[in-house]
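The file run_39.cif contains mmCIF, C-alpha atoms and all ligand atoms:
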data_coords
#
loop_
_atom_site.group_PDB
_atom_site.id
_atom_site.type_symbol
_atom_site.label_atom_id
_atom_site.label_comp_id
_atom_site.auth_asym_id
_atom_site.auth_seq_id
_atom_site.Cartn_x
_atom_site.Cartn_y
_atom_site.Cartn_z
ATOM 1 C CA MET K 1 96.804 152.450 112.291
ATOM 2 C CA SER K 2 99.467 153.782 114.654
ATOM 3 C CA GLN K 3 98.592 154.861 118.184
ATOM 4 C CA SER K 4 100.103 157.804 120.099
ATOM 5 C CA SER K 5 99.804 159.141 123.645
ATOM 6 C CA HIS K 6 97.645 162.262 123.447
ATOM 7 C CA ALA K 7 95.256 164.546 125.236
ATOM 8 C CA THR K 8 91.687 164.035 123.938
ATOM 9 C CA THR K 9 90.965 165.857 120.676
ATOM 10 C CA VAL K 10 88.388 168.664 120.914
ATOM 11 C CA VAL K 11 86.049 168.359 117.911
ATOM 12 C CA ILE K 12 84.364 171.423 116.405
ATOM 13 C CA GLY K 13 81.731 171.059 113.670
ATOM 14 C CA ILE K 14 81.318 173.863 111.107
ATOM 15 C CA ALA K 15 78.194 173.515 108.953
ATOM 16 C CA GLY K 16 76.439 175.848 106.511
ATOM 17 C CA GLY K 17 75.132 175.844 102.965
ATOM 18 C CA SER K 18 77.282 175.235 99.926
ATOM 19 C CA GLY K 19 79.413 178.345 99.295
ATOM 20 C CA SER K 20 78.588 179.838 102.705
ATOM 21 C CA GLY K 21 82.260 180.181 103.636
ATOM 22 C CA LYS K 22 82.842 177.099 105.839
ATOM 23 C CA SER K 23 86.274 176.326 104.344
ATOM 24 C CA THR K 24 87.289 179.973 104.392
ATOM 25 C CA PHE K 25 86.290 180.277 108.052
ATOM 26 C CA ALA K 26 88.028 177.036 109.079
ATOM 27 C CA ASP K 27 91.201 177.956 107.143
ATOM 28 C CA LEU K 28 91.358 181.414 108.770
ATOM 29 C CA VAL K 29 90.949 179.897 112.242
ATOM 30 C CA GLN K 30 93.667 177.346 111.434
ATOM 31 C CA ALA K 31 96.056 180.019 110.123
ATOM 32 C CA GLY K 32 96.354 181.411 113.661
ATOM 33 C CA LEU K 33 97.539 178.068 115.097
ATOM 34 C CA ASP K 34 100.268 175.448 114.460
ATOM 35 C CA ASP K 35 99.552 172.360 112.315
ATOM 36 C CA ALA K 36 100.106 170.065 115.292
ATOM 37 C CA ASP K 37 97.376 171.853 117.233
ATOM 38 C CA LEU K 38 94.570 172.031 114.704
ATOM 39 C CA ALA K 39 93.534 169.914 111.729
ATOM 40 C CA ILE K 40 90.533 170.171 109.392
ATOM 41 C CA ILE K 41 88.646 167.291 107.806
ATOM 42 C CA ARG K 42 85.944 167.957 105.237
ATOM 43 C CA HIS K 43 82.823 165.832 104.753
ATOM 44 C CA ASP K 44 83.386 166.448 100.991
ATOM 45 C CA ALA K 45 86.395 164.108 101.164
ATOM 46 C CA TYR K 46 84.010 161.303 102.147
ATOM 47 C CA TYR K 47 81.777 161.413 99.042
ATOM 48 C CA LYS K 48 81.199 157.829 97.925
ATOM 49 C CA SER K 49 83.393 156.561 95.122
ATOM 50 C CA LEU K 50 81.435 156.271 91.865
ATOM 51 C CA ASP K 51 84.013 154.301 89.880
ATOM 52 C CA HIS K 52 81.375 151.826 88.678
ATOM 53 C CA LEU K 53 79.468 154.606 86.828
ATOM 54 C CA THR K 54 80.309 156.523 83.638
ATOM 55 C CA LEU K 55 81.086 160.249 83.992
ATOM 56 C CA ASP K 56 77.644 161.115 82.570
ATOM 57 C CA GLU K 57 75.974 158.788 85.102
ATOM 58 C CA ARG K 58 78.008 160.297 87.982
ATOM 59 C CA LYS K 59 76.812 163.787 87.020
ATOM 60 C CA GLN K 60 73.199 162.675 87.638
ATOM 61 C CA ILE K 61 73.842 161.831 91.330
ATOM 62 C CA ASN K 62 72.254 163.998 94.026
ATOM 63 C CA PHE K 63 75.389 165.153 95.905
ATOM 64 C CA ASP K 64 73.377 167.177 98.386
ATOM 65 C CA HIS K 65 71.518 164.182 99.841
ATOM 66 C CA PRO K 66 73.031 162.474 102.916
ATOM 67 C CA ALA K 67 73.066 159.121 101.055
ATOM 68 C CA SER K 68 75.814 160.392 98.708
ATOM 69 C CA LEU K 69 78.363 160.498 101.560
ATOM 70 C CA ASP K 70 80.182 157.773 103.491
ATOM 71 C CA THR K 71 79.306 159.342 106.839
ATOM 72 C CA GLN K 72 79.868 156.046 108.677
ATOM 73 C CA ARG K 73 83.565 156.155 107.685
ATOM 74 C CA MET K 74 83.853 159.754 108.898
ATOM 75 C CA ILE K 75 82.252 158.833 112.238
ATOM 76 C CA GLU K 76 84.700 155.943 112.661
ATOM 77 C CA ASP K 77 87.650 158.192 111.708
ATOM 78 C CA ILE K 78 86.714 160.834 114.309
ATOM 79 C CA LYS K 79 86.344 158.130 116.971
ATOM 80 C CA ARG K 80 89.764 156.721 116.004
ATOM 81 C CA LEU K 81 91.401 160.155 116.310
ATOM 82 C CA ARG K 82 89.810 160.541 119.740
ATOM 83 C CA ALA K 83 91.254 157.140 120.684
ATOM 84 C CA GLY K 84 94.730 158.360 119.686
ATOM 85 C CA GLU K 85 94.971 156.591 116.321
ATOM 86 C CA THR K 86 96.261 157.997 113.024
ATOM 87 C CA ILE K 87 93.665 157.875 110.223
ATOM 88 C CA ALA K 88 93.718 157.777 106.402
ATOM 89 C CA VAL K 89 91.472 160.599 105.124
ATOM 90 C CA PRO K 90 90.190 159.968 101.581
ATOM 91 C CA GLN K 91 90.781 162.518 98.807
ATOM 92 C CA TYR K 92 88.007 163.488 96.371
ATOM 93 C CA ASP K 93 88.230 164.633 92.751
ATOM 94 C CA PHE K 94 85.376 167.054 91.944
ATOM 95 C CA SER K 95 86.251 167.156 88.234
ATOM 96 C CA LEU K 96 85.917 163.359 87.851
ATOM 97 C CA TYR K 97 83.190 162.991 90.522
ATOM 98 C CA THR K 98 85.066 160.185 92.246
ATOM 99 C CA ARG K 99 87.522 159.315 94.998
ATOM 100 C CA LYS K 100 91.268 159.535 94.330
ATOM 101 C CA THR K 101 93.528 156.593 95.144
ATOM 102 C CA GLN K 102 95.689 158.740 97.457
ATOM 103 C CA VAL K 103 94.802 159.367 101.111
ATOM 104 C CA ASP K 104 96.003 161.928 103.669
ATOM 105 C CA GLU K 105 97.436 160.470 106.883
ATOM 106 C CA LEU K 106 96.257 162.402 109.913
ATOM 107 C CA ALA K 107 97.569 162.016 113.465
ATOM 108 C CA PRO K 108 95.303 163.118 116.346
ATOM 109 C CA PRO K 109 95.461 166.942 116.693
ATOM 110 C CA SER K 110 94.525 168.875 119.853
ATOM 111 C CA VAL K 111 91.631 170.463 117.957
ATOM 112 C CA LEU K 112 89.816 168.929 115.003
ATOM 113 C CA ILE K 113 87.525 171.027 112.800
ATOM 114 C CA VAL K 114 85.006 168.997 110.806
ATOM 115 C CA GLU K 115 83.201 170.917 108.064
ATOM 116 C CA GLY K 116 80.441 170.141 105.624
ATOM 117 C CA ILE K 117 76.921 171.020 104.503
ATOM 118 C CA LEU K 118 75.293 167.945 106.109
ATOM 119 C CA ILE K 119 77.329 167.327 109.262
ATOM 120 C CA PHE K 120 74.535 168.423 111.636
ATOM 121 C CA SER K 121 71.773 166.474 109.903
ATOM 122 C CA GLU K 122 73.050 163.019 110.967
ATOM 123 C CA PRO K 123 72.627 162.614 114.760
ATOM 124 C CA ARG K 124 75.457 160.056 115.160
ATOM 125 C CA LEU K 125 77.910 162.514 113.582
ATOM 126 C CA ARG K 126 76.418 165.599 115.241
ATOM 127 C CA ASP K 127 76.768 164.015 118.678
ATOM 128 C CA LEU K 128 80.551 163.815 118.264
ATOM 129 C CA PHE K 129 80.990 167.605 118.205
ATOM 130 C CA ASP K 130 82.012 169.498 121.340
ATOM 131 C CA MET K 131 80.946 172.758 119.671
ATOM 132 C CA LYS K 132 78.696 173.357 116.674
ATOM 133 C CA VAL K 133 79.070 176.449 114.476
ATOM 134 C CA PHE K 134 76.754 177.293 111.557
ATOM 135 C CA ILE K 135 77.909 179.749 108.884
ATOM 136 C CA ASP K 136 74.807 181.582 107.658
ATOM 137 C CA THR K 137 75.113 183.312 104.302
ATOM 138 C CA ASP K 138 72.459 184.720 101.958
ATOM 139 C CA ASP K 139 71.410 182.301 99.207
ATOM 140 C CA ASP K 140 72.252 184.694 96.362
ATOM 141 C CA ASP K 141 75.799 185.215 97.700
ATOM 142 C CA ARG K 142 76.226 181.447 98.021
ATOM 143 C CA LEU K 143 75.063 180.863 94.445
ATOM 144 C CA ILE K 144 77.410 183.538 93.054
ATOM 145 C CA ARG K 145 80.363 182.022 94.966
ATOM 146 C CA ARG K 146 79.431 178.528 93.839
ATOM 147 C CA LEU K 147 79.232 179.612 90.195
ATOM 148 C CA ASN K 148 82.707 181.146 90.382
ATOM 149 C CA ARG K 149 84.192 178.163 92.198
ATOM 150 C CA ASP K 150 82.594 175.340 90.214
ATOM 151 C CA ILE K 151 83.358 176.910 86.824
ATOM 152 C CA GLY K 152 86.861 178.051 87.882
ATOM 153 C CA GLU K 153 88.014 175.061 89.957
ATOM 154 C CA ARG K 154 85.700 172.099 89.364
ATOM 155 C CA SER K 155 85.559 171.995 85.522
ATOM 156 C CA ARG K 156 81.792 172.712 85.380
ATOM 157 C CA THR K 157 79.852 174.723 82.783
ATOM 158 C CA LEU K 158 77.429 177.568 83.631
ATOM 159 C CA THR K 159 74.485 175.407 82.493
ATOM 160 C CA GLU K 160 75.624 172.462 84.657
ATOM 161 C CA VAL K 161 76.021 174.607 87.781
ATOM 162 C CA LEU K 162 72.628 176.287 87.372
ATOM 163 C CA SER K 163 70.707 173.103 86.631
ATOM 164 C CA GLN K 164 72.382 171.257 89.566
ATOM 165 C CA TYR K 165 71.501 174.196 91.818
ATOM 166 C CA GLN K 166 67.830 174.138 90.813
ATOM 167 C CA ASN K 167 67.412 170.343 90.729
ATOM 168 C CA THR K 168 69.283 169.227 93.857
ATOM 169 C CA VAL K 169 71.383 171.868 95.670
ATOM 170 C CA LYS K 170 68.501 174.212 96.530
ATOM 171 C CA PRO K 171 65.843 171.580 97.415
ATOM 172 C CA MET K 172 68.292 169.599 99.586
ATOM 173 C CA HIS K 173 69.469 172.805 101.253
ATOM 174 C CA LEU K 174 65.870 173.551 102.231
ATOM 175 C CA GLU K 175 65.206 169.960 103.344
ATOM 176 C CA PHE K 176 68.425 169.123 105.231
ATOM 177 C CA VAL K 177 70.909 171.985 105.640
ATOM 178 C CA GLU K 178 68.790 174.967 106.678
ATOM 179 C CA PRO K 179 66.779 172.973 109.316
ATOM 180 C CA SER K 180 70.066 171.635 110.790
ATOM 181 C CA LYS K 181 70.890 175.196 111.914
ATOM 182 C CA ARG K 182 68.717 174.516 114.956
ATOM 183 C CA TRP K 183 71.465 172.281 116.364
ATOM 184 C CA ALA K 184 74.137 175.005 116.269
ATOM 185 C CA ASP K 185 75.641 176.510 119.421
ATOM 186 C CA ILE K 186 76.811 179.573 117.489
ATOM 187 C CA ILE K 187 75.424 181.034 114.233
ATOM 188 C CA ILE K 188 77.853 183.229 112.284
ATOM 189 C CA PRO K 189 76.182 185.494 109.695
ATOM 190 C CA HIS K 190 77.746 187.052 106.563
ATOM 191 C CA GLY K 191 80.056 184.196 105.542
ATOM 192 C CA GLY K 192 83.555 182.970 106.203
ATOM 193 C CA LYS K 193 85.304 186.274 106.818
ATOM 194 C CA ASN K 194 83.169 187.494 109.741
ATOM 195 C CA LYS K 195 85.905 189.036 111.921
ATOM 196 C CA VAL K 196 83.891 188.996 115.151
ATOM 197 C CA GLY K 197 83.015 185.316 114.610
ATOM 198 C CA LEU K 198 86.617 184.433 113.760
ATOM 199 C CA ASP K 199 87.886 186.310 116.814
ATOM 200 C CA LEU K 200 85.351 184.543 119.068
ATOM 201 C CA LEU K 201 86.276 181.012 117.997
ATOM 202 C CA SER K 202 90.015 181.735 117.785
ATOM 203 C CA ARG K 203 90.068 183.168 121.314
ATOM 204 C CA LYS K 204 88.205 180.108 122.602
ATOM 205 C CA LEU K 205 90.717 177.771 120.925
ATOM 206 C CA HIS K 206 93.740 179.704 122.170
ATOM 207 C CA MET K 207 92.247 179.490 125.667
ATOM 208 C CA LEU K 208 91.657 175.727 125.325
ATOM 209 C CA LEU K 209 95.232 175.262 124.139
ATOM 210 C CA LYS K 210 96.521 177.587 126.876
ATOM 211 C CA ARG K 211 98.083 179.915 124.292
ATOM 212 C CA ASP K 212 98.460 183.715 124.408
ATOM 213 C CA TYR K 213 96.061 185.316 121.925
ATOM 214 C CA PRO K 214 97.846 187.540 119.348
ATOM 215 C CA GLU K 215 95.756 190.736 119.332
ATOM 216 C CA GLN K 216 96.452 191.419 115.636
ATOM 217 C CA LEU K 217 94.713 188.142 114.593
ATOM 218 C CA HIS K 218 91.503 188.718 112.559
ATOM 219 C CA THR K 219 91.632 192.525 112.904
HETATM 220 N N1 LIG Y 301 83.028 186.740 103.241
HETATM 221 C C1 LIG Y 301 83.359 186.434 101.983
HETATM 222 N N2 LIG Y 301 83.389 187.403 101.038
HETATM 223 C C2 LIG Y 301 83.693 187.118 99.771
HETATM 224 N N3 LIG Y 301 83.999 185.870 99.304
HETATM 225 C C3 LIG Y 301 83.998 184.881 100.186
HETATM 226 C C4 LIG Y 301 83.676 185.092 101.576
HETATM 227 N N4 LIG Y 301 83.730 183.895 102.206
HETATM 228 C C5 LIG Y 301 84.069 182.992 101.252
HETATM 229 N N5 LIG Y 301 84.238 183.575 100.052
HETATM 230 C C6 LIG Y 301 84.581 182.922 98.779
HETATM 231 O O1 LIG Y 301 83.443 182.121 98.382
HETATM 232 C C7 LIG Y 301 83.864 180.865 97.851
HETATM 233 C C8 LIG Y 301 83.228 179.749 98.652
HETATM 234 O O2 LIG Y 301 83.751 179.811 99.971
HETATM 235 P P1 LIG Y 301 84.094 178.471 100.765
HETATM 236 O O3 LIG Y 301 84.760 178.884 102.022
HETATM 237 O O4 LIG Y 301 84.809 177.489 99.880
HETATM 238 O O5 LIG Y 301 82.598 177.965 101.058
HETATM 239 P P2 LIG Y 301 82.090 176.534 101.538
HETATM 240 O O6 LIG Y 301 83.266 175.800 102.117
HETATM 241 O O7 LIG Y 301 81.044 176.853 102.552
HETATM 242 O O8 LIG Y 301 81.522 175.896 100.317
HETATM 243 C C9 LIG Y 301 85.387 180.864 97.885
HETATM 244 O O9 LIG Y 301 85.850 181.208 96.601
HETATM 245 C C10 LIG Y 301 85.732 181.945 98.912
HETATM 246 O O10 LIG Y 301 86.970 182.559 98.613
HETATM 247 N N1 LIG Y 302 80.929 165.331 92.762
HETATM 248 C C1 LIG Y 302 80.402 166.339 93.484
HETATM 249 C C2 LIG Y 302 80.333 166.274 94.862
HETATM 250 C C3 LIG Y 302 79.787 167.356 95.547
HETATM 251 N N2 LIG Y 302 79.338 168.427 94.871
HETATM 252 C C4 LIG Y 302 78.768 169.591 95.577
HETATM 253 O O1 LIG Y 302 79.599 170.004 96.643
HETATM 254 C C5 LIG Y 302 78.817 170.739 97.555
HETATM 255 C C6 LIG Y 302 79.366 170.643 98.944
HETATM 256 O O2 LIG Y 302 80.620 171.277 99.027
HETATM 257 P P1 LIG Y 302 80.767 172.803 99.520
HETATM 258 O O3 LIG Y 302 82.253 173.008 99.578
HETATM 259 O O4 LIG Y 302 80.108 173.675 98.494
HETATM 260 O O5 LIG Y 302 80.119 172.894 100.856
HETATM 261 C C7 LIG Y 302 77.420 170.137 97.501
HETATM 262 O O6 LIG Y 302 76.446 171.179 97.437
HETATM 263 C C8 LIG Y 302 77.436 169.293 96.208
HETATM 264 O O7 LIG Y 302 76.416 169.698 95.316
HETATM 265 C C9 LIG Y 302 79.405 168.469 93.507
HETATM 266 O O8 LIG Y 302 78.971 169.472 92.891
HETATM 267 N N3 LIG Y 302 79.946 167.415 92.830
#
Translate the structure of the given file into structure tokens.
Amino acid sequence: MSQSSHATTVVIGIAGGSGSGKSTFADLVQAGLDDADLAIIRHDAYYKSLDHLTLDERKQINFDHPASLDTQRMIEDIKRLRAGETIAVPQYDFSLYTRKTQVDELAPPSVLIVEGILIFSEPRLRDLFDMKVFIDTDDDDRLIRRLNRDIGERSRTLTEVLSQYQNTVKPMHLEFVEPSKRWADIIIPHGGKNKVGLDLLSRKLHMLLKRDYPEQLHT
């Protein structure tokens, strides 16, 4: 991996339940800054490859348990970025339940946002974050959003989404995700478009990057 001279990357973790609005929140924060300043990596990209299983077997995996993710690789990638190295971020295919062959090259940004449902539940990952944000959204809103997204974008049926929710998503949320809220520095209620929350984090990042804050952002 290539190495560049850099100021140390500030790493911000954004956790929250599935469908809480983590991606929406991170994308809106990023939209106010240049690509060179802020990059996002998603724990979802680090789901383990299940090439050795049939599609039906892959569908039986508990994707809400920490064991389904290659968190060790994510930890190493964040450490490499902090050391000034470019990394190869894996890409994940939710329709085929497996990793793509392509990767995304990422050079060290000034600010790195890491998002995912389980990023605060593993201490070795959690300890890498300079700031921890938890997006807190009502369970019924999260389920409605997940239904729309998984049927619309991830080639799932209504029956599949509901049975996955009852069998693994909900129990793992209660066991791992919800308790991990206790590690957060900031808890943002009402999902990914909370203007006060967006304004708070964006102002902090503009300050860190010594940028003027555009007053019309997130209004
Ligand atoms: N505050 C909100 N109001 C309405 N829809 C929202 C809001 N935040 C997110 N969404 C929608 O809900 C879905 C899930 O949001 P997303 O940001 O992908 O959640 P997560 O990354 O936590 O799974 C997306 O379709 C998104 O557009
Ligand atoms: N093959 C997979 C892998 C993961 N999931 C679900 O994704 C959810 C996490 O992503 P969010 O964007 O919703 O935070 C997680 O709850 C897994 O159940 C999947 O359905 N299939």
**Request:** Would you list the residues that come within 8 Å of ligand LIG 302 (chain Y)? Count all atoms listed in the file and give the answer as a PyMOL selection string.
**Result:** chain K and resi 16-20+22-23+44+47+58-59+62-64+93-98+116-117+146+150+161+164-165+168-169
**Prompt:** Of the candidates K:Ala26, K:Met131, K:Ala15, K:Leu208, which one gets nearest to Gly192 in chain K if we count only C-alpha atoms?
**Reply:**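 Of the candidates, the smallest distance to Gly192 in chain K is held by K:Ala26.
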**Message:** If I take CA of Ser155 in chain K and atom O7 of ligand LIG 301 (chain Y), how far is one from the other in Å, to one decimal?
**Reply:** 18.3 Å
**Message:** Residue by residue, what does the PyMOL selection byres (((chain K and resi 125) around 12) and not hetatm) grab here? Present the result as an MDAnalysis selection string.
**Reply:** chainID K and resid 11:13 15 43 66 70:79 114:116 118:124 126:130 132
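Closest approach to ligand LIG 301 (chain Y) among K:His206, K:Lys193, K:Lys100, K:Arg82 is made by K:Lys193 (distances from only C-alpha atoms and all ligand atoms).
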**Request:** Report as number ranges by chain the residues that result from applying the PyMOL selection byres (((chain K and resi 181) around 10) and not hetatm) to the structure here.
**Result:** K: 15-17, 120-121, 132-136, 176-180, 182-187
**Item:** Which residue of K:Leu198, K:Leu217, K:Asn167, K:Ile188 approaches Gln60 in chain K most closely, using all atoms listed in the file
**Value:** K:Asn167
**Message:** Using Å and a single decimal, report how far CA of Arg156 in chain K sits from CA of Arg99 in chain K.
**Reply:**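 So the answer is 17.5 Å.
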